[in-house]
Each structure stands twice: as structure tokens, then as C-alpha cells.
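One structure is given below, encoded as C-alpha cells.
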Amino acid sequence: MDAVKWDAVIVGGGAAGLSAGVVLARAQYATLVVDGGAPRNGPAEHMHGYLTRDGMAPREFLATGRSELAKYGGELVRASVAGARRASDGTFELELGDGRTLRTRAVLVATGLTDELPDIPGLAERWASEVHHCPHCHGYEVKGQDIALIGSEMGAVSKHLAALLRRYSKSVTFCVNGVELSDVERQRLTDYGVRLVDAGVKRVVEGADTPVAIELDNGETVGCEAIFVAPRPVPHDSVLTALGAAKDPVSGFVAVDPQGATDVPGVWAAGNVVNPRAQVIASAGAGTTAAIGMSAWLLEQELGGAN
């Protein structure tokens, strides 16, 4: 594989990467997907919001995507990318974790992100079971239940979630946990039916009369059936930064145009690595869009080379 010069190497084999791979493989480009095997939604049993695929298990979704990639001649390798650089001839060299080097004309990075949870004992252990982060993904499944939200360093998102969760249940408790709330914000939330608890969160435990409970540092315990929290999204963008892609100064994520192109010619990005709010269906769409842009760019290079 070291000597192969690919038309497109896609780093990341989730919804965005596999969707892009299928598009490029169908367009008859030599396409390789490099997948580290750690999808963001891997711990979840089901995914939602994807038309015709609602409730599908993420592992089943990915297995189906890999089969479709292979059907059209795309290839997949299980590996991580340890380094990336632009070669003197304008192509890209990607060094895999096992020491192999790939050469490619274009790169799409679809490596996703890590949801960094607050350092609260008992929280991570219940991630994707009793603890969730996205009401649009999991709110319907807990509608009508006793829901608690734990405030995090993502203060603005925490406040938004506190109100949004009220759409799913009449029993929503916002454990503020240090999030700054103005008097106006407090009034709006309480008027909307959200109960505010100002004490800090000590830990998450099994409830005495509920599936889960939140112990506060004032000795109070908030029993509930589901917990939501706003994690800090940490993008897996080391390949993009190694290739010199610029970041948006406001979001801190690598900047891309509507087609997913970075400011580095030949380098694209799609999915959660550049858009933390993208659900599976949006990531898949972004991968498809980026692949079409890559196809046009690769074709233009070939036309230019023929002159």
C-alpha cells in the first residue's frame, strides 16, 4: 500500500467519511477510507433523526455503509493517521500509526470529535444510557419522565438545553452547577416551568426510588429518570492542523466553505470535526457535499494537466 497513489483518502469512517467514500468510488476515483474505529455515537444503542433509518443501531448503520463502499470499489483500512504533510509534487502524504505511508491527490478529514464531560463521578459511566447530551437525538425517548440537566462550562448551551428539555417533560430540574444566570434568565426559565437548583453537583449515583440521582454539595439529592449535560466538543483535527488548515477565530473549529473545502487546496473536512451540532444525517450530507466538491476539484486538476 505504501507505493499506491490514491485519488482521495478519507480519514474517518463514520457517516460523513463513508458517505463521501461511496460518492467518490462511484465516480471512479481510487478511494480509501482510513478508520480508527471509534465513532462518536458508538456507545449509543440507537440513532434518531435520520429519515428511513430512525432507531437503527449505529454499528449496523456503519456496517451497511462499509458494505456499500466496498460494493463500488472503495477500500477501507483500520488504522489511525499519525502524521500528514504536503509532498513536493503537491500531493499529500499520510503516515499511519503502524508506520505505513499513503500518497493521495486529495484528503477529506471526517474524524469527528470527543464529547468531554464534566469531571463528575458517576457521569461518564452512564454516558449514552441514563446520561445524554442532545434532546433532538434522545429527548423523545424520555418524554414525560423526570429529567435533570447538569450545568457545565458550556454555559450558553446548558441554558438552552434547560428550556428545550421542557418541551419533552413537565418535570425538568436544572442543576445550575456554577452556570451564570441573570435575573432575567432565571425568570424566563422558571416561568417556563424549569425548576432551578443552585447547588454544585457532587456526583451521580443510582437513585433510591429512581433509576439515577444527582447528589449536590448542599446534601440535597435530585432523583430523576434521565440526565442531560452539555459536554465540551473537542474536535479530532490534528490532520487538518498538520496540513495548515485555518481555524475559525470564533468557533475554534477548522473553517470550511459550504462545500466543505478548507483554505488548503485539496483538503476538505466534513461532519463533527468541523460542525459539533451535526447529527448523523447532517454529517452524511456534509460528506456527500464534500465528495462532490472533491470530485470537481480532482477533475479540474486532470483537465489542467492535459493542457
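Going by the C-alpha cells order, chains are called A, B, ..., each with residues numbered from 1, while ligands are numbered from 1 in the order shown.
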Next item on the list: Please provide as a ChimeraX atom specification all residues within 9 Å of Arg186 of chain A, with the sequence filter that same-chain residues fewer than 5 positions apart are discarded (counting only C-alpha atoms).
Entry: /A:181,191,196
Save the residues we just selected, all heavy atoms, as a tab-separated table (two decimals), in the first residue's frame?
chain	number	residue	atom	x	y	z
A	181	LEU	N	-26.41	32.77	35.65
A	181	LEU	CA	-27.74	33.10	35.17
A	181	LEU	C	-28.11	34.50	35.62
A	181	LEU	O	-28.01	34.83	36.81
A	181	LEU	CB	-28.78	32.11	35.72
A	181	LEU	CG	-28.76	30.67	35.20
A	181	LEU	CD1	-29.71	29.81	36.03
A	181	LEU	CD2	-29.15	30.62	33.74
A	191	ASP	N	-40.55	30.71	34.74
A	191	ASP	CA	-41.86	30.94	34.14
A	191	ASP	C	-42.20	29.85	33.13
A	191	ASP	O	-43.38	29.52	32.92
A	191	ASP	CB	-41.90	32.30	33.44
A	191	ASP	CG	-41.97	33.46	34.42
A	191	ASP	OD1	-42.18	33.21	35.63
A	191	ASP	OD2	-41.80	34.62	33.98
A	196	LEU	N	-35.08	25.38	39.15
A	196	LEU	CA	-33.66	25.72	39.26
A	196	LEU	C	-33.13	25.30	40.63
A	196	LEU	O	-33.73	25.59	41.65
A	196	LEU	CB	-33.44	27.22	39.07
A	196	LEU	CG	-33.89	27.81	37.73
A	196	LEU	CD1	-33.61	29.32	37.70
A	196	LEU	CD2	-33.20	27.12	36.56
Check: Which residues come within 9 Å of Lys170 of chain A, counting only C-alpha atoms, excluding same-chain residues fewer than 3 positions away, as number ranges by chain?
Finding: A: 143-147, 165-167, 193-194
Could you write out the selected residues, including all heavy atoms, as a short mmCIF file (atom, residue, chain, number, x, y, z; two decimals), in the first residue's frame?
data_model
loop_
_atom_site.label_atom_id
_atom_site.label_comp_id
_atom_site.auth_asym_id
_atom_site.auth_seq_id
_atom_site.Cartn_x
_atom_site.Cartn_y
_atom_site.Cartn_z
N LYS A 143 -39.49 11.36 26.94
CA LYS A 143 -40.56 12.34 27.11
C LYS A 143 -41.49 11.91 28.25
O LYS A 143 -41.78 10.73 28.44
CB LYS A 143 -41.36 12.51 25.82
CG LYS A 143 -42.14 11.31 25.35
CD LYS A 143 -42.82 11.61 24.01
CE LYS A 143 -43.59 10.41 23.49
NZ LYS A 143 -44.79 10.13 24.26
N GLY A 144 -41.90 12.90 29.02
CA GLY A 144 -42.79 12.66 30.15
C GLY A 144 -42.10 12.16 31.40
O GLY A 144 -42.75 12.00 32.44
N GLN A 145 -40.80 11.92 31.35
CA GLN A 145 -40.08 11.42 32.51
C GLN A 145 -39.54 12.59 33.35
O GLN A 145 -39.57 13.75 32.94
CB GLN A 145 -38.92 10.52 32.05
CG GLN A 145 -39.37 9.26 31.31
CD GLN A 145 -38.20 8.37 30.94
OE1 GLN A 145 -37.09 8.54 31.42
NE2 GLN A 145 -38.46 7.38 30.09
N ASP A 146 -39.03 12.23 34.53
CA ASP A 146 -38.35 13.23 35.37
C ASP A 146 -36.94 13.42 34.80
O ASP A 146 -36.13 12.49 34.82
CB ASP A 146 -38.26 12.74 36.81
CG ASP A 146 -39.62 12.69 37.49
OD1 ASP A 146 -40.47 13.53 37.15
OD2 ASP A 146 -39.84 11.80 38.33
N ILE A 147 -36.66 14.61 34.29
CA ILE A 147 -35.39 14.90 33.62
C ILE A 147 -34.62 15.93 34.43
O ILE A 147 -35.19 16.91 34.92
CB ILE A 147 -35.64 15.44 32.20
CG1 ILE A 147 -36.38 14.40 31.35
CG2 ILE A 147 -34.32 15.82 31.53
CD1 ILE A 147 -36.80 14.92 29.99
N LEU A 165 -35.51 21.11 26.96
CA LEU A 165 -35.98 19.87 27.58
C LEU A 165 -37.40 20.00 28.12
O LEU A 165 -38.12 18.99 28.25
CB LEU A 165 -35.02 19.45 28.70
CG LEU A 165 -33.68 18.89 28.21
CD1 LEU A 165 -32.67 18.81 29.36
CD2 LEU A 165 -33.89 17.50 27.59
N ARG A 166 -37.80 21.22 28.44
CA ARG A 166 -39.16 21.44 28.93
C ARG A 166 -40.20 21.08 27.87
O ARG A 166 -41.36 20.80 28.20
CB ARG A 166 -39.30 22.91 29.37
CG ARG A 166 -40.64 23.29 29.97
CD ARG A 166 -40.93 22.53 31.25
NE ARG A 166 -42.24 22.94 31.76
CZ ARG A 166 -43.40 22.47 31.28
NH1 ARG A 166 -43.42 21.56 30.30
NH2 ARG A 166 -44.55 22.90 31.78
N ARG A 167 -39.79 21.05 26.59
CA ARG A 167 -40.68 20.63 25.53
C ARG A 167 -41.02 19.14 25.64
O ARG A 167 -42.05 18.69 25.13
CB ARG A 167 -40.04 20.87 24.15
CG ARG A 167 -39.65 22.32 23.86
CD ARG A 167 -40.85 23.20 23.74
NE ARG A 167 -41.81 22.67 22.81
CZ ARG A 167 -43.10 23.04 22.77
NH1 ARG A 167 -43.55 23.93 23.63
NH2 ARG A 167 -43.92 22.51 21.88
N GLY A 193 -41.40 26.81 33.47
CA GLY A 193 -41.66 25.56 34.18
C GLY A 193 -40.43 24.76 34.53
O GLY A 193 -40.55 23.58 34.92
N VAL A 194 -39.24 25.38 34.43
CA VAL A 194 -38.00 24.69 34.77
C VAL A 194 -37.66 24.98 36.24
O VAL A 194 -37.62 26.14 36.66
CB VAL A 194 -36.84 25.15 33.87
CG1 VAL A 194 -35.53 24.48 34.29
CG2 VAL A 194 -37.15 24.85 32.42
#
Check: Counting only C-alpha atoms, what is within 10 Å of Pro58 of chain A, bar same-chain residues fewer than 2 positions away, as number ranges by chain?
Finding: A: 14-15, 39-48, 53, 55-56, 60-64, 280
If you keep N, CA, C and O atoms, can you produce a file of those selected residues as a compact mmCIF listing (two decimals), in the first residue's frame?
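Saved to part-v2.txt:
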# COMPACT_ATOMS: atom_id res chain seq x y z
N GLY A 14 -16.95 7.29 9.68
CA GLY A 14 -18.30 7.44 10.20
C GLY A 14 -19.26 7.83 9.08
O GLY A 14 -19.01 7.56 7.90
N ALA A 15 -20.37 8.46 9.44
CA ALA A 15 -21.39 8.82 8.45
C ALA A 15 -20.83 9.73 7.36
O ALA A 15 -21.09 9.53 6.17
N PRO A 39 -16.34 5.70 16.65
CA PRO A 39 -17.35 6.70 16.29
C PRO A 39 -17.91 7.42 17.52
O PRO A 39 -18.01 6.84 18.60
N ARG A 40 -18.27 8.68 17.34
CA ARG A 40 -18.80 9.49 18.43
C ARG A 40 -20.02 8.84 19.06
O ARG A 40 -20.18 8.85 20.29
N ASN A 41 -20.91 8.29 18.24
CA ASN A 41 -22.14 7.71 18.78
C ASN A 41 -22.01 6.21 19.04
O ASN A 41 -23.01 5.51 19.20
N GLY A 42 -20.78 5.71 19.10
CA GLY A 42 -20.56 4.30 19.33
C GLY A 42 -21.23 3.74 20.58
O GLY A 42 -21.75 2.62 20.56
N PRO A 43 -21.24 4.48 21.71
CA PRO A 43 -21.87 3.94 22.93
C PRO A 43 -23.40 3.85 22.85
O PRO A 43 -24.01 3.17 23.67
N ALA A 44 -24.00 4.56 21.90
CA ALA A 44 -25.46 4.59 21.82
C ALA A 44 -26.01 3.32 21.19
O ALA A 44 -25.40 2.72 20.31
N GLU A 45 -27.18 2.90 21.65
CA GLU A 45 -27.82 1.71 21.10
C GLU A 45 -28.61 2.02 19.84
O GLU A 45 -28.80 1.15 18.98
N HIS A 46 -29.09 3.26 19.73
CA HIS A 46 -29.89 3.63 18.58
C HIS A 46 -29.56 5.06 18.16
O HIS A 46 -29.06 5.85 18.95
N MET A 47 -29.82 5.37 16.90
CA MET A 47 -29.69 6.75 16.43
C MET A 47 -31.05 7.21 15.91
O MET A 47 -31.89 6.40 15.49
N HIS A 48 -31.25 8.52 15.96
CA HIS A 48 -32.54 9.07 15.57
C HIS A 48 -32.35 10.30 14.70
O HIS A 48 -31.26 10.87 14.63
N ARG A 53 -34.00 5.71 8.60
CA ARG A 53 -33.06 4.93 9.42
C ARG A 53 -33.29 5.18 10.91
O ARG A 53 -32.44 4.85 11.72
N GLY A 55 -33.95 4.89 14.61
CA GLY A 55 -33.88 3.77 15.54
C GLY A 55 -32.84 2.73 15.19
O GLY A 55 -32.64 1.76 15.93
N MET A 56 -32.15 2.92 14.08
CA MET A 56 -31.12 1.96 13.66
C MET A 56 -29.94 2.02 14.61
O MET A 56 -29.57 3.07 15.11
N GLU A 60 -24.85 -1.08 13.12
CA GLU A 60 -25.50 -1.61 11.92
C GLU A 60 -25.40 -0.61 10.77
O GLU A 60 -25.15 -0.97 9.61
N PHE A 61 -25.61 0.66 11.08
CA PHE A 61 -25.51 1.72 10.09
C PHE A 61 -24.11 1.74 9.46
O PHE A 61 -23.96 1.81 8.24
N LEU A 62 -23.08 1.67 10.30
CA LEU A 62 -21.71 1.71 9.80
C LEU A 62 -21.36 0.46 9.01
O LEU A 62 -20.67 0.54 7.98
N ALA A 63 -21.84 -0.69 9.46
CA ALA A 63 -21.57 -1.93 8.73
C ALA A 63 -22.20 -1.87 7.34
O ALA A 63 -21.58 -2.29 6.34
N THR A 64 -23.41 -1.33 7.26
CA THR A 64 -24.07 -1.19 5.96
C THR A 64 -23.30 -0.22 5.08
O THR A 64 -23.10 -0.47 3.88
N VAL A 280 -26.27 12.63 12.67
CA VAL A 280 -25.76 11.65 11.71
C VAL A 280 -26.19 12.00 10.29
O VAL A 280 -25.38 11.97 9.35
Item checked: Who sits within 8 Å of Thr289 of chain A, only C-alpha atoms, same chain under 6 positions skipped, as a PyMOL selection string -> chain A and resi 20+259-260
Note to self: List the spatial neighbours of Ser238 of chain A as a count of residues only - criterion: any atom at most 9 Å away, only C-alpha atoms, same-chain residues fewer than 4 positions off excluded.
What the structure shows: 5
Checklist line | Gly266 of chain A environment, 9 Å, only C-alpha atoms, sequence neighbours closer than 5 positions dropped, as a PyMOL selection string | finding: chain A and resi 91-92+105-108+261+294+297-298
Let me see the file: selected residues, N, CA and C atoms, as a PDB file, in the first residue's frame.
ATOM      1  N   THR A  91       1.037  16.520  -3.940  1.00  0.00           N
ATOM      2  CA  THR A  91       0.172  15.501  -3.358  1.00  0.00           C
ATOM      3  C   THR A  91       0.355  15.508  -1.840  1.00  0.00           C
ATOM      4  N   PHE A  92      -0.358  14.616  -1.175  1.00  0.00           N
ATOM      5  CA  PHE A  92      -0.306  14.559   0.280  1.00  0.00           C
ATOM      6  C   PHE A  92       0.231  13.205   0.735  1.00  0.00           C
ATOM      7  N   ARG A 105      -3.972  12.363  -3.876  1.00  0.00           N
ATOM      8  CA  ARG A 105      -4.142  13.659  -4.532  1.00  0.00           C
ATOM      9  C   ARG A 105      -4.981  14.620  -3.690  1.00  0.00           C
ATOM     10  N   ALA A 106      -5.934  14.072  -2.939  1.00  0.00           N
ATOM     11  CA  ALA A 106      -6.830  14.905  -2.130  1.00  0.00           C
ATOM     12  C   ALA A 106      -7.144  14.195  -0.823  1.00  0.00           C
ATOM     13  N   VAL A 107      -7.485  14.988   0.187  1.00  0.00           N
ATOM     14  CA  VAL A 107      -7.761  14.465   1.525  1.00  0.00           C
ATOM     15  C   VAL A 107      -9.090  15.017   2.035  1.00  0.00           C
ATOM     16  N   LEU A 108      -9.896  14.139   2.595  1.00  0.00           N
ATOM     17  CA  LEU A 108     -11.086  14.562   3.337  1.00  0.00           C
ATOM     18  C   LEU A 108     -10.934  14.085   4.769  1.00  0.00           C
ATOM     19  N   ALA A 261     -14.665  22.611   1.753  1.00  0.00           N
ATOM     20  CA  ALA A 261     -13.261  22.844   1.442  1.00  0.00           C
ATOM     21  C   ALA A 261     -12.622  23.733   2.502  1.00  0.00           C
ATOM     22  N   MET A 294     -14.849  17.564  -4.053  1.00  0.00           N
ATOM     23  CA  MET A 294     -13.556  16.935  -4.307  1.00  0.00           C
ATOM     24  C   MET A 294     -13.494  16.364  -5.717  1.00  0.00           C
ATOM     25  N   TRP A 297     -12.882  19.130  -8.097  1.00  0.00           N
ATOM     26  CA  TRP A 297     -11.502  19.622  -7.965  1.00  0.00           C
ATOM     27  C   TRP A 297     -10.517  18.660  -8.618  1.00  0.00           C
ATOM     28  N   LEU A 298     -10.688  17.372  -8.365  1.00  0.00           N
ATOM     29  CA  LEU A 298      -9.809  16.368  -8.966  1.00  0.00           C
ATOM     30  C   LEU A 298      -9.925  16.389 -10.490  1.00  0.00           C
TER      31      LEU A 298
END
Next item on the list: Between A:Ala156, A:Ala278, A:Ala245, A:Val34, single out the one closest to Ser182 of chain A, counting only C-alpha atoms.
Entry: A:Ala156
Note to self: At a cut-off of 7 Å, using only C-alpha atoms, what residues contact Val109 of chain A? Leave out same-chain residues fewer than 5 positions from it and give the result as a ChimeraX atom specification.
What the structure shows: /A:10-12,268-270
Please produce a file of the residues just selected, as a JSON list (two decimals), in the first residue's frame, where the atoms kept are N, CA, C and O atoms.
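Result went into selection07.json, see below:
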[["chain", "number", "residue", "atom", "x", "y", "z"],
["A", 10, "ILE", "N", -9.83, 9.35, 2.68],
["A", 10, "ILE", "CA", -10.77, 9.90, 3.64],
["A", 10, "ILE", "C", -10.36, 9.41, 5.02],
["A", 10, "ILE", "O", -10.27, 8.20, 5.26],
["A", 11, "VAL", "N", -10.10, 10.33, 5.92],
["A", 11, "VAL", "CA", -9.68, 9.98, 7.27],
["A", 11, "VAL", "C", -10.91, 10.04, 8.17],
["A", 11, "VAL", "O", -11.43, 11.11, 8.47],
["A", 12, "GLY", "N", -11.39, 8.88, 8.57],
["A", 12, "GLY", "CA", -12.60, 8.80, 9.38],
["A", 12, "GLY", "C", -13.68, 8.02, 8.67],
["A", 12, "GLY", "O", -14.08, 8.39, 7.55],
["A", 268, "TRP", "N", -10.33, 18.82, 2.39],
["A", 268, "TRP", "CA", -11.72, 19.04, 2.78],
["A", 268, "TRP", "C", -11.96, 18.49, 4.19],
["A", 268, "TRP", "O", -11.16, 17.69, 4.70],
["A", 269, "ALA", "N", -13.05, 18.91, 4.79],
["A", 269, "ALA", "CA", -13.43, 18.38, 6.10],
["A", 269, "ALA", "C", -14.95, 18.35, 6.18],
["A", 269, "ALA", "O", -15.63, 19.21, 5.62],
["A", 270, "ALA", "N", -15.49, 17.35, 6.87],
["A", 270, "ALA", "CA", -16.94, 17.21, 6.97],
["A", 270, "ALA", "C", -17.31, 16.50, 8.26],
["A", 270, "ALA", "O", -16.54, 15.72, 8.81]]
Check: Looking at A:Gly155, A:Pro211, A:Gly112, A:Gly252, which one is nearest to Arg126 of chain A, with distances taken over only C-alpha atoms?
Finding: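 Using only C-alpha atoms, Arg126 of chain A sits closest to A:Pro211.
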Notebook entry, point to check: In Å, with one decimal, what is the gap from atom CA of Val81 of chain A to atom CA of Thr241 of chain A?
Noted result: 12.7 Å
Note to self: Among segment 170-219 of chain A, which residues does DSSP mark as helix (DSSP H, G or I) when it is run on the backbone? Keep the chain and numbering as in the structure and answer as a ChimeraX atom specification.
What the structure shows: /A:183-191
Next item on the list: Report as a ChimeraX atom specification: the residues of segment 55-146 of chain A with a DSSP assignment of strand (DSSP E or B), based on the backbone of this structure.
Entry: /A:75-78,81-86,92-96,101-109,113-116,127,131-132
Next, write the just-selected residues to a file, as a short mmCIF file (atom, residue, chain, number, x, y, z; two decimals), in the first residue's frame, keeping N, CA, C and O atoms as the atom set.
data_model
loop_
_atom_site.label_atom_id
_atom_site.label_comp_id
_atom_site.auth_asym_id
_atom_site.auth_seq_id
_atom_site.Cartn_x
_atom_site.Cartn_y
_atom_site.Cartn_z
N GLU A 75 -12.06 1.25 -0.80
CA GLU A 75 -11.38 0.38 0.16
C GLU A 75 -11.35 1.04 1.53
O GLU A 75 -11.49 2.27 1.65
N LEU A 76 -11.20 0.21 2.55
CA LEU A 76 -11.15 0.69 3.93
C LEU A 76 -10.02 -0.01 4.66
O LEU A 76 -9.83 -1.23 4.49
N VAL A 77 -9.28 0.74 5.45
CA VAL A 77 -8.23 0.18 6.27
C VAL A 77 -8.43 0.64 7.70
O VAL A 77 -8.80 1.80 7.95
N ARG A 78 -8.27 -0.27 8.64
CA ARG A 78 -8.39 0.06 10.06
C ARG A 78 -7.06 0.59 10.54
O ARG A 78 -6.08 -0.15 10.67
N VAL A 81 -4.21 7.92 11.70
CA VAL A 81 -3.24 8.74 10.98
C VAL A 81 -2.39 9.48 11.99
O VAL A 81 -2.90 10.28 12.78
N ALA A 82 -1.10 9.20 11.98
CA ALA A 82 -0.19 9.78 12.97
C ALA A 82 0.46 11.07 12.48
O ALA A 82 0.95 11.87 13.29
N GLY A 83 0.47 11.29 11.18
CA GLY A 83 1.11 12.50 10.64
C GLY A 83 0.65 12.77 9.23
O GLY A 83 0.19 11.87 8.52
N ALA A 84 0.74 14.02 8.82
CA ALA A 84 0.31 14.41 7.48
C ALA A 84 1.14 15.59 7.00
O ALA A 84 1.49 16.47 7.77
N ARG A 85 1.47 15.57 5.70
CA ARG A 85 2.21 16.69 5.13
C ARG A 85 1.97 16.75 3.64
O ARG A 85 1.52 15.77 3.03
N ARG A 86 2.27 17.90 3.06
CA ARG A 86 2.16 18.05 1.61
C ARG A 86 3.51 17.72 0.99
O ARG A 86 4.55 18.23 1.43
N PHE A 92 -0.36 14.62 -1.17
CA PHE A 92 -0.31 14.56 0.28
C PHE A 92 0.23 13.20 0.74
O PHE A 92 -0.03 12.17 0.11
N GLU A 93 0.98 13.23 1.81
CA GLU A 93 1.49 12.02 2.42
C GLU A 93 0.90 11.89 3.82
O GLU A 93 1.01 12.81 4.63
N LEU A 94 0.27 10.76 4.07
CA LEU A 94 -0.32 10.48 5.37
C LEU A 94 0.40 9.30 5.99
O LEU A 94 0.47 8.22 5.39
N GLU A 95 0.94 9.50 7.17
CA GLU A 95 1.63 8.43 7.88
C GLU A 95 0.66 7.76 8.84
O GLU A 95 0.07 8.41 9.70
N LEU A 96 0.51 6.46 8.70
CA LEU A 96 -0.38 5.70 9.56
C LEU A 96 0.32 5.33 10.86
O LEU A 96 1.55 5.35 10.95
N THR A 101 2.92 4.63 4.86
CA THR A 101 2.67 5.96 4.33
C THR A 101 1.76 5.87 3.11
O THR A 101 1.98 5.05 2.22
N LEU A 102 0.74 6.70 3.09
CA LEU A 102 -0.18 6.77 1.96
C LEU A 102 0.08 8.04 1.18
O LEU A 102 0.35 9.09 1.77
N ARG A 103 -0.04 7.94 -0.15
CA ARG A 103 0.08 9.12 -1.01
C ARG A 103 -1.26 9.32 -1.71
O ARG A 103 -1.83 8.38 -2.26
N THR A 104 -1.74 10.55 -1.71
CA THR A 104 -3.05 10.82 -2.27
C THR A 104 -3.09 12.21 -2.89
O THR A 104 -2.37 13.12 -2.47
N ARG A 105 -3.97 12.36 -3.88
CA ARG A 105 -4.14 13.66 -4.53
C ARG A 105 -4.98 14.62 -3.69
O ARG A 105 -4.82 15.83 -3.76
N ALA A 106 -5.93 14.07 -2.94
CA ALA A 106 -6.83 14.90 -2.13
C ALA A 106 -7.14 14.20 -0.82
O ALA A 106 -7.09 12.97 -0.73
N VAL A 107 -7.49 14.99 0.19
CA VAL A 107 -7.76 14.47 1.53
C VAL A 107 -9.09 15.02 2.03
O VAL A 107 -9.37 16.22 1.90
N LEU A 108 -9.90 14.14 2.60
CA LEU A 108 -11.09 14.56 3.34
C LEU A 108 -10.93 14.09 4.77
O LEU A 108 -10.72 12.89 5.01
N VAL A 109 -11.05 14.99 5.72
CA VAL A 109 -10.96 14.64 7.13
C VAL A 109 -12.37 14.62 7.71
O VAL A 109 -13.09 15.61 7.66
N LEU A 113 -15.32 14.12 16.75
CA LEU A 113 -14.87 14.80 17.95
C LEU A 113 -15.10 13.93 19.17
O LEU A 113 -15.73 12.88 19.11
N THR A 114 -14.57 14.40 20.29
CA THR A 114 -14.81 13.77 21.59
C THR A 114 -15.69 14.68 22.43
O THR A 114 -15.47 15.89 22.48
N ASP A 115 -16.71 14.10 23.04
CA ASP A 115 -17.56 14.85 23.98
C ASP A 115 -16.89 14.81 25.35
O ASP A 115 -16.92 13.79 26.04
N GLU A 116 -16.29 15.91 25.75
CA GLU A 116 -15.58 15.98 27.03
C GLU A 116 -16.56 16.34 28.14
O GLU A 116 -17.05 17.47 28.23
N TRP A 127 -22.89 7.43 30.51
CA TRP A 127 -22.97 8.12 29.22
C TRP A 127 -23.67 7.21 28.19
O TRP A 127 -23.34 6.04 28.05
N VAL A 131 -27.40 9.09 30.75
CA VAL A 131 -26.87 10.44 30.53
C VAL A 131 -26.78 10.73 29.03
O VAL A 131 -26.21 9.93 28.27
N HIS A 132 -27.34 11.86 28.62
CA HIS A 132 -27.39 12.23 27.20
C HIS A 132 -26.97 13.70 27.04
O HIS A 132 -26.84 14.44 28.02
#
Item checked: Interatomic distance (Å, one decimal) between atom CA of Ala148 of chain A and atom CA of Cys134 of chain A -> 13.1 Å
Note to self: As an exercise, work out the distance from atom CA of Ala38 of chain A to atom CA of Ser283 of chain A in Å and give it to one decimal place.
What the structure shows: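 Straight-line distance from atom CA of Ala38 of chain A to atom CA of Ser283 of chain A works out to 15.6 Å.
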Item checked: Using only C-alpha atoms: which of A:Ser80, A:Asn218, A:Thr190, A:Thr288 has the shortest distance to Asn177 of chain A -> A:Asn218
